There are 4 protein chains.
Amino acid sequence: MSFNSFGHLFRFTTWGESHGPAIGCVVDGTPPRLKLAEPDIQHWLDRRRPGQSRFTTQRRESDRVKILSGVFEGLTTGTPISLLIENEDQRSKDYSEIKDRFRPGHADYTYWAKYGIRDYRGGGRSSARETASRVAAGAIARLVLAKLIEPAPVIRGALIQVGPLAIDRTRWDWQAVEQNPFWSPDPTRVADWESHLDQMRKSGSSAGAVIEVVASGLPAGLGAPIYGKLDADLAAAMMSINAVKGVEIGAGFAAASLSGEANADEMRMRDGKVAFLSNQAGGILGGISTGQDIVVRFAVKPTSSITTPRRTVTATGEEVEIATKGRHDPCVGIRAVPVGEAMLAIVLADHLLRHRAQCG
Amino acid sequence: MSFNSFGHLFRFTTWGESHGPAIGCVVDGTPPRLKLAEPDIQHWLDRRRPGQSRFTTQRRESDRVKILSGVFEGLTTGTPISLLIENEDQRSKDYSEIKDRFRPGHADYTYWAKYGIRDYRGGGRSSARETASRVAAGAIARLVLAKLIEPAPVIRGALIQVGPLAIDRTRWDWQAVEQNPFWSPDPTRVADWESHLDQMRKSGSSAGAVIEVVASGLPAGLGAPIYGKLDADLAAAMMSINAVKGVEIGAGFAAASLSGEANADEMRMRDGKVAFLSNQAGGILGGISTGQDIVVRFAVKPTSSITTPRRTVTATGEEVEIATKGRHDPCVGIRAVPVGEAMLAIVLADHLLRHRAQCG
Amino acid sequence: MSFNSFGHLFRFTTWGESHGPAIGCVVDGTPPRLKLAEPDIQHWLDRRRPGQSRFTTQRRESDRVKILSGVFEGLTTGTPISLLIENEDQRSKDYSEIKDRFRPGHADYTYWAKYGIRDYRGGGRSSARETASRVAAGAIARLVLAKLIEPAPVIRGALIQVGPLAIDRTRWDWQAVEQNPFWSPDPTRVADWESHLDQMRKSGSSAGAVIEVVASGLPAGLGAPIYGKLDADLAAAMMSINAVKGVEIGAGFAAASLSGEANADEMRMRDGKVAFLSNQAGGILGGISTGQDIVVRFAVKPTSSITTPRRTVTATGEEVEIATKGRHDPCVGIRAVPVGEAMLAIVLADHLLRHRAQCG
Amino acid sequence: MSFNSFGHLFRFTTWGESHGPAIGCVVDGTPPRLKLAEPDIQHWLDRRRPGQSRFTTQRRESDRVKILSGVFEGLTTGTPISLLIENEDQRSKDYSEIKDRFRPGHADYTYWAKYGIRDYRGGGRSSARETASRVAAGAIARLVLAKLIEPAPVIRGALIQVGPLAIDRTRWDWQAVEQNPFWSPDPTRVADWESHLDQMRKSGSSAGAVIEVVASGLPAGLGAPIYGKLDADLAAAMMSINAVKGVEIGAGFAAASLSGEANADEMRMRDGKVAFLSNQAGGILGGISTGQDIVVRFAVKPTSSITTPRRTVTATGEEVEIATKGRHDPCVGIRAVPVGEAMLAIVLADHLLRHRAQCG
C-alpha cells in the first residue's frame with residue numbers, strides 16, 4: 001500500500017513538490033521489449049506544458065523528461081522505469097506571503113491539519129505540477145496498449161464545458177480538438193470561452209470545466225468484479241486529479257432520469273460480432289468493458305488561486321484575508337485534458353495486464 | 001491485489017453468488033476489543049433487506065448474518081471476522097430462460113466475454129445481492145469509527161431523486177428519511193415517487209435514482225495525497241456499487257459552473273476552531289478531510305431487468321428478444337441508500353486507521 | 001493489505017479459530033473454466049488430516065470441505081471461491097486451564113501483548129488448524145499449474161529430519177514417501193523416527209523436524225526482481241507456517257561454505273535446451289526460476305505443547321508452572337509436509353499469473 | 001502490487017541499474033516532522049560503500065545521496081521522499097565480453113529467459129548495487145523507530161561466518177564489530193578470514209558468508225498473524241538480498257534438533273515485567289514480537305563472479321567458457337551486513353506503523 005502509487009500491475013509511484021529540485025515517477029510492471037525513448041514521453045508532456053496560451057499559467061517549464069532506468073538499447077527491460085523532470089522556474093518568493101495563511105479552496109489547511117507541517121511553496125505536493133508525472137506514465141501506458149492490442153486503441157479527450165458554457169455535442173469534431181487552445185471539439189464554442197475566461201481573469205475570478213475522455217478500440221472483457229471494476233478504477237483515477245469534484249461514465253448522472261428501456265443498450269449482430277445499438281453504458285457493464293467506446297467525464301472546479309481577496313485564517317488562528325498572486329491557470333480544466341487521457345490510458349493498461357494474468 | 005477486496009487497513013473480501021448456497025465476507029484489520037455481536041450487524045442488514053415495500057424486489061430473504069470467526073466472548077480479537085448469510089429464496093427456475101441470452105444493461109455479456117462462462121442464475125456474482133456483504137462490513141466499520149472518534153460520527157444517506165423527480169433541498173429533513181419507504185428527506189416528494197414507480201412498473205419499465213450520503217463529525221486530516229485521496233477512494237467505493245454511473249463530492253458537477261469566489265469555501269474562527277462559511281468542497285480539499293460534513297452523491301441507472309421486450313443476442317450469435325421476468329426492484333436506487341452509507345463508513349474507517357498509522 | 005491474505009494474483013484469505021464453529025478461506029484470482037469439485041480439494045486435505053497415525057494429534061476432524069461459491073456446473077467462474085470446513089471435535093474444556101497462563105513457545109503471550117485479548121481455546125487463531133485452509137487453497141493452485149503448464153508440474157514434499165535424525169539423502173526414494181506415516185523418502189529412517197518420537201512422548205517432550213518440498217517441471221522465468229523474487233516469496237510462505245524457524249533454497253546455509261566454483265551451477269546444452277550440471281541454486285537465480293527443480297527446505301521447531309511442566313507467568317503477573325494437556329502432535333513437522341507443498345504450489349501459481357501478466 | 005517495492009505502510013520502491021546514470025528509491029509513508037537531512041542517510045551508505053578494504057570490490061563510488069522531495073526545512077512532510085545516487089565509476093567496457101554469455105550463478109540466464117532482453121552491463125538490475133537504495137531507505141526507517149520508540153531501539157549486524165569458518169559465539173563482542181573490515185564480533189577470527197579470502201582470490205575463487213542481524217529494544221506486539229507475521233516478512237526481506245540462500249530466526253534450523261523443553265523459552269517476572277529465560281524463539285512467537293532481541297541470520301552464497309573459467313552457454317546455444325573479469329567482492333557477504341541491518345529496520349518500521357494502525 002502506498003499513498004503515492006496508482007495501478008496494480010502497471011503501477012506508477014510519483015514524488016516531488018512544485019518548488020523542489022525536481023519531480024518524477026517510477027513506472028513498474030511494464031512489459032519488456034517495448035520501444036521507448038524520451039521523445040515518446042516528451043510528446044505528451046508538451047501537450048500539458050504550461051504557458052502555451054494566455055489561458056494557462058505563465059510559469060515557464062520546459063518539462064524535459066529524463067529516463068534514468070528500465071530502458072536498454074532503446075527497449076524496455078521489464079524493470080522499473082524512473083522518470084525525472086527538473087523544476088526550472090520555481091520563483092519561491094512568490095509564495096512567501098501565503099506561508100502562514102490557508103488559501104480557501106486549496107489543500108493548505110488540510111495538509112497542515114494532517115501533517116502539522118506543509119511545504120507552502122506553490123502548494124508543495126498538492127500542486128497540479130504533480131500531474132506531469134501522470135502524463136509521463138500515461139505515455140508508457142499508451143505504448144503498452146499499442147503493443148498488446150491490434151490495431152492500437154485510440155485514447156483522446158476534449159473540453160466540453162468551461163464555466164457554465166457547454167459545447168453543442170451535435171457539433172462534435174475530434175479534428176477540431178487539436179486546433180484550438182481549449183481542446184474543444186466544438187469550434188463554435190471557442191470564442192465564447194475566450195471571452196468568458198478573459199472576463200473571469202479581469203474580475204479576479206476563475207472558471208471550472210468539464211472534460212470528456214474516450215477510449216476506442218478496446219476489447220470486451222477488461223475490468224473485473226467486484227472491487228476491481230473498470231469504472232470504479234476510472235472513478236478513482238479521475239477523482240485523484242487535482243480539483244476534480246465529479247466523475248461519470250456514459251450517461252452518468254443523466255442515467256437517473258432515463259427509463260429502463262432507454263438506458264439498457266440493445267444488442268444485435270454486425271459482421272458476426274456483437275454490436276450495441278446505443279452506448280448509455282459508456283462501454284462498461286458490471287465493471288467490465290463491452291468493446292464499445294469507454295466514455296468518462298469529470299468536472300473540475302474553478303481554480304482556487306484568485307486575485308479577489310477572500311476571508312481565511314492563519315495557522316495561529318488569526319482571521320485574515322488573502323488574494324493569491326502568482327501565475328495561475330484561470331481554468332485548470334484546460335490542462336486537465338491530457339491528464340485525464342493519461343489516467344484513462346493507465347487504468348486500461350493496468351486492466352489489460354490484469355485480464356491477461358487471469359484469463360490469458 | 002484482489003479483485004474482490006476493498007480497503008487497505010480496514011479491508012473486506014466478499015464472495016458468493018445470487019443463487020449459490022450462501023454469500024459472505026471476511027473483514028480484516030478490525031481493531032481488537034470492539035463490542036460486536038450479530039445484532040449489531042443485523043440491524044443494518046434489515047434496512048437493506050428486500051421485500052419491505054412494493055417498490056423493492058419481492059424476493060424473500062431473511063438475510064440472517066452469522067459471525068463465524070474473529071469475535072470471542074463478545075469482543076473482536078483483531079483477527080479476521082468471517083460473516084455468512086445463507087441464500088434462502090433462490091428459485092433458480094426463474095432464470096432458465098436467460099441462460100443463453102444476454103440481458104441488455106446487465107453484466108451477462110461482459111462476464112461471458114471475459115470468462116467464457118457465467119453463472120446465469122440471477123446474475124450470479126454480478127447480482128446486487130452481493131451488496132448485503134457490504135452492509136455487513138459497513139456495520140463493523142461504524143463500530144470502528146464510534147470507538148476511535150468521540151463523539152461518534154454520524155453516517156447517513158437519503159434518496160434525493162427518483163427518475164427525473166428530484167427533491168426540494170430546502171425541505172431537507174433527516175427525520176423524514178426514516179419515515180418513508182424511499183429514505184426521502186423531503187416528505188412532499190413521496191407521493192410523486194410512488195406514482196412514478198407504479199407507472200414505470202405498469203408500463204414494463206423502471207427508474208433510476210440519485211443518492212446522497214453524508215458523514216458528520218469526522219476530524220480534519222483523513223485521506224492522503226495523491227493516490228490515497230479520500231475522495232478518490234470514495235469515488236471508487238460508490239462506483240463499485242451495482243448500477244452506479246456517476247459520483248460527485250460536494251458541489252460536484254455543478255462546481256464547473258461556479259465562479260472561483262463562489263466555489264472556494266472561506267474560513268473563519270468559531271470557538272477557537274477553524275470554521276468554513278460554506279461547503280462546496282463537500283468536506284474534502286486536496287484529498288484530505290476538512291472537518292466539515294463529507295458529502296457524496298451517486299447516480300444509479302434504471303433497473304435493467306424490465307418486462308418490456310428488448311432486442312439482444314445469444315452466446316451463439318442469434319438475434320432474439322428478451323423480457324426479464326422474475327422479481328426485481330423497479331428502482332434499485334432505493335436499496336442503494338444503506339449500501340452507500342456502508343461504503344462511506346468503510347472508506348472512513350480505513351482512512352482513520354491509515355491516518356493513525358502515519359500520523360499517530 | 002491484509003494480514004490474513006497471501007499471494008497477489010492467485011490470492012487467498014483465511015479466517016477462523018481452532019475452536020470456533022468453522023474455518024475457511026476465500027481464493028481469488030483463479031482463472032475461469034478449471035474443472036473443480038470438492039473431491040479435488042478433499043484429496044489433499046485428507047493427507048493433512050489429524051489422527052492418521054499415533055504420531056499426530058488424536059483430535060478427530062473429518063475436515064470436510066464445502067465449496068460455497070465461485071464454481072458453476074463443475075467449472076470455476078473466475079469469481080472468488082469460498083471454502084468452508086466445519087470444526088467438529090472442539091472439546092473446549094481441555095483448554096480452560098490455560099485460560100490465564102501463557103504457554104511457553106506458544107503465541108499466547110504475544111497475542112495478548114498485541115491485542116489485549118486472546119481466544120485461548122486451542123490457540124485460537126494461532127492454532128495449526130489454520131493450515132487446513134492453506135492445503136485447500138493449495139489444491140486449487142495445483143489445478144492452476146496443471147492447466148497452464150504442459151505437462152503438469154509435480155509438487156511434492158518429504159520429511160528429511162526428525163529431531164536430530166536426518167535421512168541419508170543417497171537413499172532418496174520418492175515412492176517411499178507415500179508408504180510411511182512420516183513422508184520419509186528414506187525408508188531406513190522410519191524405525192528410528194518411530195522410536196525417537198515414542199521416547200519423546202513418554203518423557204513428556206516433543207521433537208522438531210526439517211521438511212523439503214520440491215517443484216519439478218516449472219519453466220524458467222517465474223519470479224521477478226527485486227522484491228517479487230520467487231525465493232523471497234517462498235521464504236515468506238514457509239516462514240508463515242506455524243512453528244517454522246528457518247527456510248533455505250537449494251544449497252541454503254551450506255552454500256556459505258562452498259567455493260565459488262562449487263556453488264555456481266555450470267551450463268551446457270542438452271537436446272537444444274539449456275541444461276545445468278548441478279543445482280546448488282535450488283532452481284532460482286536472481287529471484288527467477290531457472291527451469292530446474294525448485295528446492296525449498298524449512299525447519300519446524302518441536303511442538304510447544306508438552307506435558308513436562310514449564311515455568312511461565314499469568315496475565316496478572318503471577319509466576320506459575322504449566323503442563324499442556326490435550327491432544328497434540330508430538331512432532332508438528334510431520335503434518336507440515338502437505339502444508340509446505342501447498343504453499344509451494346500457491347507461490348508458483350501466483351508467480352505464473354504474474355509472469356503471464358507482464359510477459360505474456 | 002509492485003515487484004520493486006517493499007513494505008506496506010513504510011514502503012519503498014527502488015529503481016536503477018548498475019551502469020545506468022543513477023539508482024535510487026522512493027520512500028513512502030514516513031511519518032511527518034522527522035528531522036532528516038542527507039548526512040543522516042549518508043552515514044549508513046558510507047558503511048556499505050565499496051572499496052574500503054581489499055576484501056570488497058575496487059569499484060569507486062562515492063555513493064552521494066541526494067534528497068529530491070519529501071523534506072521541507074529539515075523535516076519530513078509525510079509525502080514521498082525521493083532519493084537519488086548517481087553512478088560514477090561505471091566502466092561499461094569491462095562487461096562487453098559477457099554480453100552474449102550467461103555467467104554461472106548469476107541472474108544472466110534467468111533475466112534473459114524471463115524478459116527476452118537483459119542489460120548485461122554489470123548485471124544491470126540484478127547487480128548488488130541496488131542494495132545501496134535499501135541502505136538509504138533503512139536509514140529513514142531507523143529514524144522512524146527512534147522517533148516512535150523510547151528509548152530508541154538498537155539495530156546492528158555482524159558477520160559470523162566466512163566460507164566454512166564460523167566465529168566462536170562465546171567471544172561475541174559488539175564493540176569489535178566496528179573495528180575490523182569484516183564486521184566480525186569475534187576479533188580472533190579476523191586473521192583467519194583474511195588469509196582465507198586472500199587464498200580464495202588467488203585461486204580465482206570466492207567465499208560465502210553468514211550474517212546475523214539483531215534488533216534490541218523493540219516492544220512486544222509487533223507483527224501480525226497469519227500472513228503478516230514478523231518473521232515471514234523478515235524472511236522475505238533477507239531472502240530478497242542478492243545471493244542470499246537461507247534465513248533463520250532465533251535457533252533456526254538448529255531448533256529441529258532441540259527437545260520441546262529446551263526450545264520453549266520459559267517466562268518469569270522481572271521488575272514487574274514479563275522476562276524470558278532464554279531466546280530460542282529469536283524474539284518472535286506466532287509471528288509477533290516478544291519484546292526480546294529479534295535475531296535473524298542469513299546465508300550468502302560465494303560471489304559468482306570468479307576468474308576461474310566455468311562452462312556456460314550463449315543466448316544462441318553455443319557451449320563456451322567464461323571467466324569473469326572486472327572488479328568484484330571476493331565475499332559479497334561482508335557488504336551484506338549493513339544491507340541486512342537496513343532490511344531489519346525497514347521491516348520493523350513497517351510493522352510498527354501497522355501495529356499502530358490497528359491497535360493504537
# chains A, B, ... in the order shown; residues from 1 in each chain; ligands from 1

$ interface_residues --of "chain B" --to "chain D" --cutoff "10 Å" --atoms "only C-alpha atoms" --output "NGL selection string"
:B and (1 or 8-10 or 29-33 or 78-80 or 148 or 224-226 or 350-360)

$ write_last_selection --atoms "C-alpha atoms" --output "PDB file, in the first residue's frame"
ATOM      1  CA  MET B   1      -4.234  -7.386  -5.008  1.00  0.00           C
ATOM      2  CA  HIS B   8      -6.361  -1.295   2.849  1.00  0.00           C
ATOM      3  CA  LEU B   9      -6.161  -1.469   6.631  1.00  0.00           C
ATOM      4  CA  PHE B  10      -9.847  -1.953   7.250  1.00  0.00           C
ATOM      5  CA  GLY B  29      -7.899  -5.305  10.182  1.00  0.00           C
ATOM      6  CA  THR B  30     -10.568  -4.527  12.750  1.00  0.00           C
ATOM      7  CA  PRO B  31      -9.077  -3.155  15.960  1.00  0.00           C
ATOM      8  CA  PRO B  32      -9.339  -5.562  18.884  1.00  0.00           C
ATOM      9  CA  ARG B  33     -11.777  -5.323  21.791  1.00  0.00           C
ATOM     10  CA  GLY B  78      -8.181  -8.369  15.924  1.00  0.00           C
ATOM     11  CA  THR B  79      -8.298 -11.459  13.705  1.00  0.00           C
ATOM     12  CA  PRO B  80     -10.458 -11.800  10.590  1.00  0.00           C
ATOM     13  CA  LEU B 148     -11.966   5.809  17.833  1.00  0.00           C
ATOM     14  CA  ALA B 224      -3.842  11.216   1.849  1.00  0.00           C
ATOM     15  CA  PRO B 225      -2.311  12.628  -1.267  1.00  0.00           C
ATOM     16  CA  ILE B 226      -2.002  11.698  -4.070  1.00  0.00           C
ATOM     17  CA  ASP B 350      -9.969   2.559   6.528  1.00  0.00           C
ATOM     18  CA  HIS B 351      -8.646   6.100   6.277  1.00  0.00           C
ATOM     19  CA  LEU B 352      -8.878   6.602  10.003  1.00  0.00           C
ATOM     20  CA  LEU B 353      -6.573   3.619  10.518  1.00  0.00           C
ATOM     21  CA  ARG B 354      -4.291   4.756   7.723  1.00  0.00           C
ATOM     22  CA  HIS B 355      -4.060   8.197   9.278  1.00  0.00           C
ATOM     23  CA  ARG B 356      -3.376   6.745  12.701  1.00  0.00           C
ATOM     24  CA  ALA B 357      -0.596   4.637  11.239  1.00  0.00           C
ATOM     25  CA  GLN B 358       1.264   7.527   9.681  1.00  0.00           C
ATOM     26  CA  CYS B 359       0.404  10.459  11.908  1.00  0.00           C
ATOM     27  CA  GLY B 360      -0.424   8.854  15.253  1.00  0.00           C
TER      28      GLY B 360
END

$ residues_around --residues "range 237-244 of chain A" --least-positions-apart "2" --cutoff "7 Å" --atoms "only C-alpha atoms" --output "number ranges by chain"
A: 128, 233-235, 246-247, 298-301, 340, 343; B: 226-227, 229, 231-232, 235

$ residues_around --residues "range 187-195 of chain B" --least-positions-apart "4" --cutoff "10 Å" --atoms "only C-alpha atoms" --output "number ranges by chain"
B: 54-55, 160-168, 171-173, 175-177, 179-183, 199-201, 207

$ atom_distance --atom1 "CA of His19 in chain B" --atom2 "CA of Ile67 in chain B"
20.9 Å

$ residues_around --residues "Ile155 in chain D" --least-positions-apart "2" --cutoff "9 Å" --atoms "only C-alpha atoms" --output "MDAnalysis selection string"
chainID D and resid 142 153 157 213:217 341:342 344:345

$ write_last_selection --atoms "N, CA and C atoms" --output "mmCIF file, in the first residue's frame"
data_model
loop_
_atom_site.group_PDB
_atom_site.id
_atom_site.type_symbol
_atom_site.label_atom_id
_atom_site.label_comp_id
_atom_site.auth_asym_id
_atom_site.auth_seq_id
_atom_site.Cartn_x
_atom_site.Cartn_y
_atom_site.Cartn_z
ATOM 1 N N ARG D 142 15.242 3.732 10.420
ATOM 2 C CA ARG D 142 15.831 3.879 11.755
ATOM 3 C C ARG D 142 15.298 5.134 12.452
ATOM 4 N N PRO D 153 15.369 1.917 19.691
ATOM 5 C CA PRO D 153 15.895 0.553 19.546
ATOM 6 C C PRO D 153 17.287 0.581 18.911
ATOM 7 N N GLY D 157 24.373 -5.463 13.113
ATOM 8 C CA GLY D 157 24.636 -6.742 12.485
ATOM 9 C C GLY D 157 26.100 -7.110 12.564
ATOM 10 N N VAL D 213 21.800 -10.373 12.151
ATOM 11 C CA VAL D 213 21.339 -9.020 12.486
ATOM 12 C C VAL D 213 20.383 -9.110 13.663
ATOM 13 N N VAL D 214 20.499 -8.121 14.526
ATOM 14 C CA VAL D 214 19.785 -8.166 15.801
ATOM 15 C C VAL D 214 19.147 -6.812 16.074
ATOM 16 N N ALA D 215 17.896 -6.840 16.523
ATOM 17 C CA ALA D 215 17.226 -5.615 16.952
ATOM 18 C C ALA D 215 16.905 -5.719 18.436
ATOM 19 N N SER D 216 17.377 -4.759 19.180
ATOM 20 C CA SER D 216 17.140 -4.754 20.625
ATOM 21 C C SER D 216 16.275 -3.554 20.991
ATOM 22 N N GLY D 217 15.418 -3.753 21.958
ATOM 23 C CA GLY D 217 14.645 -2.628 22.463
ATOM 24 C C GLY D 217 13.290 -2.447 21.799
ATOM 25 N N GLU D 341 21.032 -5.142 8.090
ATOM 26 C CA GLU D 341 20.573 -4.213 9.133
ATOM 27 C C GLU D 341 19.460 -3.313 8.597
ATOM 28 N N ALA D 342 19.676 -2.803 7.384
ATOM 29 C CA ALA D 342 18.690 -1.888 6.802
ATOM 30 C C ALA D 342 17.359 -2.596 6.605
ATOM 31 N N LEU D 344 16.215 -5.128 8.198
ATOM 32 C CA LEU D 344 15.612 -5.365 9.515
ATOM 33 C C LEU D 344 14.913 -4.097 10.008
ATOM 34 N N ALA D 345 15.590 -2.964 9.872
ATOM 35 C CA ALA D 345 14.994 -1.693 10.306
ATOM 36 C C ALA D 345 13.718 -1.394 9.524
#

$ select_by_dssp --residues "range 119-223 of chain C" --states "strand (DSSP E)" --output "MDAnalysis selection string"
chainID C and resid 154:162 165:166 209:216

$ closest_residue --among "B:Glu261, B:Asp293, B:Asp329, B:Glu321" --to "Pro309 in chain A" --atoms "only C-alpha atoms"
B:Glu261

$ select_by_dssp --residues "range 121-238 of chain A" --states "helix (DSSP H, G or I)" --output "number ranges by chain"
A: 121-126, 128-148, 169-171, 174-177, 187-202, 230-238
